[in-house]
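Okay, data.cif is below, mmCIF, C-alpha atoms and all ligand atoms:
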data_final
#
loop_
_atom_site.label_atom_id
_atom_site.label_comp_id
_atom_site.auth_asym_id
_atom_site.auth_seq_id
_atom_site.Cartn_x
_atom_site.Cartn_y
_atom_site.Cartn_z
CA MET A 1 167.96 83.05 61.28
CA ILE A 2 167.47 79.82 59.34
CA GLU A 3 167.24 80.14 55.55
CA MET A 4 166.71 77.48 52.92
CA HIS A 5 167.02 78.30 49.24
CA ASP A 6 165.74 75.75 46.71
CA VAL A 7 166.73 72.82 48.92
CA TRP A 8 166.38 69.29 47.55
CA LYS A 9 167.08 66.04 49.38
CA ARG A 10 167.41 62.80 47.48
CA TYR A 11 168.29 59.71 49.56
CA PRO A 12 170.64 57.08 48.09
CA ASN A 13 167.64 54.81 47.38
CA GLY A 14 166.30 57.47 45.00
CA VAL A 15 163.50 58.81 47.24
CA GLU A 16 163.13 62.58 46.84
CA ALA A 17 162.20 63.57 50.39
CA LEU A 18 162.38 67.35 49.78
CA ARG A 19 161.81 69.01 46.43
CA GLY A 20 162.64 72.70 46.28
CA ILE A 21 162.19 74.09 49.80
CA ASP A 22 162.37 77.88 50.21
CA VAL A 23 161.88 79.19 53.73
CA LYS A 24 163.08 81.78 56.22
CA ILE A 25 162.69 81.42 59.98
CA GLU A 26 163.63 84.51 61.99
CA GLN A 27 165.25 84.57 65.42
CA GLY A 28 162.63 84.18 68.17
CA GLU A 29 159.94 82.50 66.07
CA PHE A 30 157.98 79.42 67.14
CA VAL A 31 157.15 77.24 64.13
CA TYR A 32 155.25 73.97 63.76
CA ILE A 33 156.11 71.67 60.85
CA VAL A 34 153.07 69.56 59.93
CA GLY A 35 152.13 67.17 57.14
CA PRO A 36 151.21 63.55 56.43
CA SER A 37 153.47 60.63 57.30
CA GLY A 38 156.41 60.45 54.88
CA ALA A 39 155.96 64.06 53.74
CA GLY A 40 159.54 65.06 54.57
CA LYS A 41 159.21 66.69 58.01
CA SER A 42 161.99 64.71 59.70
CA THR A 43 164.23 65.24 56.70
CA PHE A 44 163.60 69.01 56.93
CA ILE A 45 164.54 68.90 60.62
CA LYS A 46 167.64 66.74 60.02
CA LEU A 47 168.96 69.18 57.42
CA MET A 48 168.75 71.98 59.97
CA TYR A 49 171.07 70.31 62.46
CA ARG A 50 173.14 68.72 59.69
CA GLU A 51 172.30 65.13 60.44
CA GLU A 52 171.73 65.02 56.67
CA LYS A 53 173.17 67.18 53.91
CA PRO A 54 171.07 68.66 51.12
CA SER A 55 171.52 67.14 47.65
CA SER A 56 171.29 70.66 46.24
CA GLY A 57 170.36 74.13 47.38
CA VAL A 58 171.67 76.28 50.22
CA ILE A 59 170.97 76.19 53.97
CA LEU A 60 172.18 79.11 56.07
CA ILE A 61 172.14 79.02 59.87
CA ASN A 62 172.85 82.53 61.14
CA GLY A 63 174.51 83.18 57.80
CA VAL A 64 176.72 80.06 57.86
CA ASN A 65 176.34 77.70 54.91
CA VAL A 66 175.93 74.33 56.66
CA LYS A 67 177.03 72.38 53.60
CA ARG A 68 180.46 74.00 53.75
CA VAL A 69 181.00 73.26 57.45
CA ARG A 70 183.78 70.68 57.80
CA ASP A 71 182.96 67.56 59.77
CA TRP A 72 185.25 68.44 62.66
CA LYS A 73 183.46 71.79 63.05
CA ILE A 74 180.00 70.26 63.33
CA PRO A 75 180.05 70.17 67.17
CA TYR A 76 180.53 73.95 67.11
CA LEU A 77 177.60 74.38 64.70
CA ARG A 78 175.47 72.13 66.89
CA ARG A 79 176.35 74.12 69.98
CA ASN A 80 174.00 76.73 68.62
CA ILE A 81 171.23 74.21 67.87
CA GLY A 82 169.60 72.11 70.58
CA VAL A 83 167.77 69.00 69.38
CA VAL A 84 164.93 67.10 71.05
CA PHE A 85 163.62 63.72 69.84
CA GLN A 86 160.42 61.77 70.28
CA ASP A 87 162.29 58.97 72.09
CA TYR A 88 164.45 61.31 74.25
CA LYS A 89 167.78 59.62 73.36
CA LEU A 90 169.21 59.91 76.88
CA LEU A 91 172.31 57.91 77.80
CA PRO A 92 170.89 55.09 79.94
CA ASN A 93 173.85 54.68 82.30
CA MET A 94 174.05 58.34 83.23
CA THR A 95 171.87 60.24 85.69
CA ALA A 96 169.71 63.19 84.62
CA TYR A 97 172.46 65.51 85.88
CA GLU A 98 175.19 63.63 84.01
CA ASN A 99 173.20 63.54 80.76
CA VAL A 100 172.86 67.32 80.83
CA ALA A 101 176.44 67.94 82.02
CA PHE A 102 177.75 65.75 79.19
CA ALA A 103 176.53 68.29 76.62
CA MET A 104 178.64 70.98 78.32
CA GLU A 105 181.67 68.71 78.74
CA ALA A 106 181.51 68.01 75.00
CA ILE A 107 182.26 71.67 74.30
CA GLU A 108 184.86 71.78 77.08
CA ALA A 109 183.05 74.24 79.33
CA PRO A 110 184.84 74.97 82.63
CA ARG A 111 183.92 72.58 85.46
CA ARG A 112 182.60 75.24 87.88
CA GLN A 113 180.39 76.67 85.19
CA ILE A 114 179.02 73.21 84.34
CA ARG A 115 177.72 72.55 87.83
CA ARG A 116 176.00 75.93 88.16
CA ARG A 117 174.43 75.84 84.71
CA VAL A 118 173.25 72.19 84.86
CA GLU A 119 171.52 72.82 88.18
CA GLU A 120 169.96 75.97 86.75
CA VAL A 121 168.45 74.24 83.69
CA LEU A 122 167.28 71.22 85.69
CA GLU A 123 165.48 73.66 87.94
CA LEU A 124 163.96 75.42 84.93
CA VAL A 125 162.51 72.10 83.72
CA GLY A 126 161.31 71.26 87.25
CA LEU A 127 163.65 68.34 87.93
CA GLN A 128 165.93 69.69 90.64
CA ASP A 129 164.72 66.92 92.99
CA ARG A 130 165.27 64.13 90.45
CA MET A 131 168.68 65.03 89.11
CA HIS A 132 170.44 61.94 90.44
CA ALA A 133 167.90 59.52 88.92
CA LEU A 134 168.74 57.35 85.93
CA PRO A 135 166.50 57.64 82.84
CA SER A 136 164.94 54.23 83.67
CA GLN A 137 163.80 55.68 87.01
CA LEU A 138 162.05 58.62 85.35
CA SER A 139 158.63 58.85 83.67
CA GLY A 140 158.40 59.63 79.94
CA GLY A 141 157.50 63.24 80.66
CA GLU A 142 160.45 63.59 83.05
CA GLN A 143 162.82 62.02 80.53
CA GLN A 144 161.67 64.48 77.89
CA ARG A 145 162.29 67.33 80.33
CA VAL A 146 165.85 66.06 80.86
CA SER A 147 166.34 65.96 77.10
CA ILE A 148 165.07 69.54 76.82
CA ALA A 149 167.44 70.61 79.62
CA ARG A 150 170.29 68.95 77.69
CA ALA A 151 169.22 70.71 74.49
CA ILE A 152 169.25 74.20 76.02
CA VAL A 153 172.16 73.92 78.47
CA ASN A 154 174.63 75.54 76.04
CA ASN A 155 172.23 78.44 75.38
CA PRO A 156 171.55 77.65 71.70
CA SER A 157 169.79 80.13 69.40
CA PHE A 158 167.61 77.31 68.04
CA LEU A 159 165.72 74.42 69.55
CA ILE A 160 164.72 71.84 66.95
CA ALA A 161 162.22 69.19 68.06
CA ASP A 162 161.03 66.17 66.10
CA GLU A 163 157.68 65.04 67.57
CA PRO A 164 158.66 65.91 71.16
CA THR A 165 155.23 64.89 72.49
CA GLY A 166 154.88 61.79 70.31
CA ASN A 167 155.30 59.31 73.18
CA LEU A 168 153.50 61.30 75.87
CA ASP A 169 149.95 61.41 77.21
CA PRO A 170 148.01 64.69 76.83
CA GLU A 171 148.86 66.03 80.29
CA ASN A 172 152.60 65.46 79.90
CA SER A 173 152.42 66.78 76.34
CA TRP A 174 150.97 70.07 77.57
CA ASP A 175 153.64 70.34 80.28
CA ILE A 176 156.29 69.97 77.59
CA MET A 177 154.56 72.61 75.44
CA TYR A 178 154.43 75.12 78.32
CA LEU A 179 158.12 74.50 78.85
CA LEU A 180 158.89 75.08 75.15
CA GLN A 181 156.81 78.27 75.30
CA GLU A 182 158.85 79.47 78.29
CA ILE A 183 162.10 78.72 76.43
CA ASN A 184 160.76 80.59 73.38
CA ASN A 185 159.79 83.55 75.61
CA ARG A 186 163.44 83.75 76.64
CA GLY A 187 164.41 84.27 73.00
CA THR A 188 165.17 80.79 71.61
CA THR A 189 163.77 80.03 68.15
CA ILE A 190 161.69 76.83 68.20
CA VAL A 191 161.03 74.59 65.20
CA MET A 192 158.90 71.56 66.01
CA ALA A 193 157.61 68.78 63.74
CA THR A 194 154.36 67.42 65.13
CA HIS A 195 151.29 65.30 64.48
CA ASN A 196 149.51 66.75 67.52
CA LYS A 197 146.42 68.46 66.14
CA GLU A 198 145.12 69.63 69.49
CA ILE A 199 148.35 71.38 70.42
CA VAL A 200 148.71 73.11 67.02
CA ASN A 201 145.08 74.28 67.02
CA THR A 202 145.21 75.49 70.64
CA MET A 203 148.68 77.01 70.99
CA ARG A 204 148.56 78.99 67.73
CA LYS A 205 151.88 79.61 66.02
CA ARG A 206 153.31 79.77 62.52
CA VAL A 207 152.44 76.54 60.70
CA ILE A 208 154.47 75.23 57.77
CA ALA A 209 152.82 72.26 56.04
CA ILE A 210 154.94 69.91 53.93
CA GLU A 211 153.42 67.39 51.51
CA GLN A 212 155.45 65.14 49.24
CA GLY A 213 158.57 67.20 49.87
CA VAL A 214 157.04 70.58 49.04
CA ILE A 215 155.82 73.42 51.31
CA VAL A 216 152.10 73.65 50.56
CA ARG A 217 151.10 76.09 53.32
CA ASP A 218 152.87 78.66 55.51
CA GLU A 219 150.55 80.60 57.83
CA TRP A 220 150.85 82.78 60.93
CA GLN A 221 148.68 81.40 63.72
CA GLY A 222 147.80 78.57 61.38
CA GLU A 223 145.81 75.38 61.89
CA TYR A 224 146.89 71.77 61.85
CA GLY A 225 144.69 71.10 58.83
CA TYR A 226 144.72 67.27 58.80
CA GLU A 227 142.41 64.71 60.33
CA ASP A 228 144.92 62.47 62.18
N1 LIG A 301 167.59 57.52 55.41
C1 LIG A 301 166.66 57.39 54.47
N2 LIG A 301 166.91 56.67 53.34
C2 LIG A 301 166.00 56.54 52.38
N3 LIG A 301 164.78 57.11 52.40
C3 LIG A 301 164.46 57.84 53.48
C4 LIG A 301 165.38 58.02 54.57
N4 LIG A 301 164.78 58.79 55.51
C5 LIG A 301 163.56 59.07 55.03
N5 LIG A 301 163.35 58.52 53.82
C6 LIG A 301 162.16 58.66 52.97
O1 LIG A 301 161.97 60.03 52.70
C7 LIG A 301 160.59 60.38 52.73
C8 LIG A 301 160.37 61.46 53.80
O2 LIG A 301 160.62 60.88 55.09
P1 LIG A 301 160.57 61.74 56.45
O3 LIG A 301 161.00 60.84 57.55
O4 LIG A 301 161.29 63.02 56.24
O5 LIG A 301 159.00 62.03 56.55
P2 LIG A 301 158.11 62.57 57.77
O6 LIG A 301 157.22 63.62 57.21
O7 LIG A 301 158.98 62.96 58.90
O8 LIG A 301 157.27 61.29 58.17
P3 LIG A 301 156.63 60.86 59.60
O9 LIG A 301 155.54 61.84 59.89
O10 LIG A 301 156.08 59.48 59.32
O11 LIG A 301 157.74 60.87 60.60
C9 LIG A 301 159.84 59.07 53.01
O12 LIG A 301 159.45 58.54 51.77
C10 LIG A 301 160.89 58.19 53.65
O13 LIG A 301 160.63 56.83 53.40
#
Before we go any further, please render this structure as structure tokens.
Amino acid sequence: MIEMHDVWKRYPNGVEALRGIDVKIEQGEFVYIVGPSGAGKSTFIKLMYREEKPSSGVILINGVNVKRVRDWKIPYLRRNIGVVFQDYKLLPNMTAYENVAFAMEAIEAPRRQIRRRVEEVLELVGLQDRMHALPSQLSGGEQQRVSIARAIVNNPSFLIADEPTGNLDPENSWDIMYLLQEINNRGTTIVMATHNKEIVNTMRKRVIAIEQGVIVRDEWQGEYGYED
């Protein structure tokens, strides 16, 4: 479970990106984070995987207070949280296979286990035939599938995605959404910031809307609710 209690985030330049966030996300949920540009969605996401720390308030990930986690323990916290970005963030000189394997090597998984598991997740995302390609040899949709494989390879409880379909055409976007649905069906909690109105209004899920750093709406099977 992810819990935030009266969480505020003030950046060093004085911008208050989040102003008193209270939220609970249970294991197995699928949640969209929506809101206008600059509302605080990415900041909300970054606090969850501890890319940023809250200025005040408490964030608990499966009961662990992320603010108290020492820097050297962050990799262990992140093992439980897969992250997917709009621009994929794959290592350009590594193949699809190596990009995914790297996430397991980072937590010192045994070699035999790495090979089996990497092949398994690449098959799940439909890339078993492309695993020796470099990112530059893959389409945007394929690169995003590699990044999803990397995010789930260590079996995290949570998959956090910041605009995962932001750079993709509608067909590839839907393929990514079906994949996220499949991962959610297997028990992983999904939290996804998005500007994609069609996806939110078609694949109905919990919708949390943030405006000017405040949660203004939290609905089950909610709507996108904005015009862009
Ligand atoms: N590192 C930073 N330093 C200073 N201000 C920041 C930083 N990151 C974000 N901000 C500011 O915090 C506010 C919230 O930004 P955030 O990126 O969380 O919004 P967002 O809802 O994700 O926007 P978008 O939909 O455009 O991605 C904005 O005013 C932004 O300019």
Could you list, with a cut-off of 6 Å and counting all atoms listed in the file, the residues of chain A near ligand LIG 301 (chain A), each shown with its nearest atom pair and the distance in Å rounded to one decimal, rows sorted by chain and ascending number, as JSON lines?
{"residue": "A:Tyr11", "atom": "CA", "partner": "A:LIG301", "partner_atom": "C2", "distance": 4.8}
{"residue": "A:Asn13", "atom": "CA", "partner": "A:LIG301", "partner_atom": "C2", "distance": 5.5}
{"residue": "A:Val15", "atom": "CA", "partner": "A:LIG301", "partner_atom": "N3", "distance": 5.6}
{"residue": "A:Ala17", "atom": "CA", "partner": "A:LIG301", "partner_atom": "O1", "distance": 4.2}
{"residue": "A:Pro36", "atom": "CA", "partner": "A:LIG301", "partner_atom": "O9", "distance": 5.8}
{"residue": "A:Ser37", "atom": "CA", "partner": "A:LIG301", "partner_atom": "O10", "distance": 3.5}
{"residue": "A:Gly38", "atom": "CA", "partner": "A:LIG301", "partner_atom": "O5", "distance": 3.5}
{"residue": "A:Ala39", "atom": "CA", "partner": "A:LIG301", "partner_atom": "O6", "distance": 3.7}
{"residue": "A:Gly40", "atom": "CA", "partner": "A:LIG301", "partner_atom": "O4", "distance": 3.2}
{"residue": "A:Lys41", "atom": "CA", "partner": "A:LIG301", "partner_atom": "O6", "distance": 3.7}
{"residue": "A:Ser42", "atom": "CA", "partner": "A:LIG301", "partner_atom": "O7", "distance": 3.6}
{"residue": "A:Thr43", "atom": "CA", "partner": "A:LIG301", "partner_atom": "O4", "distance": 3.7}
Find the spatial neighbours of segment 56-65 of chain A, counting only C-alpha atoms, within a cut-off of 10 Å - ignore same-chain residues fewer than 5 positions away - and output them as a list in words. Met1, Ile2, Glu3, Met4, His5, Asp6, Val7, Trp8, Lys9, Arg10, Arg19, Gly20, Ile21, Asp22, Val23, Lys24, Ile25, Glu26, Gln27, Leu47, Met48, Tyr49, Arg50, Leu77, Asn80, Ile81, Ser157 and Phe158 of chain A
Residues of segment 151-217 of chain A that approach segment 112-125 of chain A to 10 Å or less, counting all atoms listed in the file: could you list each one with the shortest pair of atoms and its distance in Å to one decimal, rows by chain and increasing residue number, as a tab-separated table?
residue	atom	partner	partner_atom	distance
A:Ala151	CA	A:Val121	CA	9.9
A:Ile152	CA	A:Val121	CA	7.7
A:Val153	CA	A:Val121	CA	6.4
A:Asn154	CA	A:Arg117	CA	8.7
A:Asn155	CA	A:Arg117	CA	9.9
A:Asp175	CA	A:Val125	CA	9.7
A:Ile176	CA	A:Val125	CA	9.0
A:Leu179	CA	A:Val125	CA	7.0
A:Leu180	CA	A:Val125	CA	9.8
A:Glu182	CA	A:Leu124	CA	9.3
A:Ile183	CA	A:Leu124	CA	9.3
Sorted per-residue table, segment 14-110 of chain A near segment 189-207 of chain A, closest atoms and distance, 7 Å, all atoms listed in the file, as CSV:
residue,atom,partner,partner_atom,distance
A:Gln27,CA,A:Thr189,CA,5.5
A:Gly28,CA,A:Thr189,CA,4.3
A:Glu29,CA,A:Thr189,CA,5.0
A:Phe30,CA,A:Ile190,CA,4.6
A:Val31,CA,A:Val191,CA,4.8
A:Tyr32,CA,A:Val207,CA,4.9
A:Ile33,CA,A:Ala193,CA,4.4
A:Val34,CA,A:Thr194,CA,5.8
A:Lys41,CA,A:Ala193,CA,6.3
For Leu91 of chain A, which of A:Thr188, A:Thr165, A:Gln143, A:Gln181 is the closest residue, counting all atoms listed in the file?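 Nearest to Leu91 of chain A: A:Gln143.
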Near Asn99 of chain A, counting only C-alpha atoms, which residues have an atom at most 10 Å away, once you skip same-chain residues fewer than 2 positions from it, shown as a ChimeraX atom specification? /A:89-97,101-104,118,131,134-135,146-147,149-150
Give me, please, the distance in Å between atom CA of Asp169 of chain A and atom CA of Gly140 of chain A, quoted to one decimal.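 Atom-to-atom, atom CA of Asp169 of chain A and atom CA of Gly140 of chain A are spaced 9.1 Å apart.
Using only C-alpha atoms for every distance, the candidate list A:Asn172, A:Lys53, A:Glu163, A:Glu108 yields A:Lys53 as the residue closest to Arg70 of chain A.
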Counting all atoms listed in the file, what is within 8 Å of Phe85 of chain A, bar same-chain residues fewer than 6 positions away, as a ChimeraX atom specification? /A:161-164
So, counting all atoms listed in the file, which residue among A:Met177, A:Val66, A:Ile160, A:Ile210 is closest to Tyr224 of chain A?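 For Tyr224 of chain A, the nearest of the given residues is A:Ile210.
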Closest to Asp71 of chain A among A:Asp87, A:Arg186, A:Glu51, A:Glu223, using only C-alpha atoms?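 Using only C-alpha atoms, the shortest distance to Asp71 of chain A belongs to A:Glu51.
Taking atom CA of Asp228 of chain A and atom CA of Gln86 of chain A as endpoints, the distance between them is 17.5 Å.
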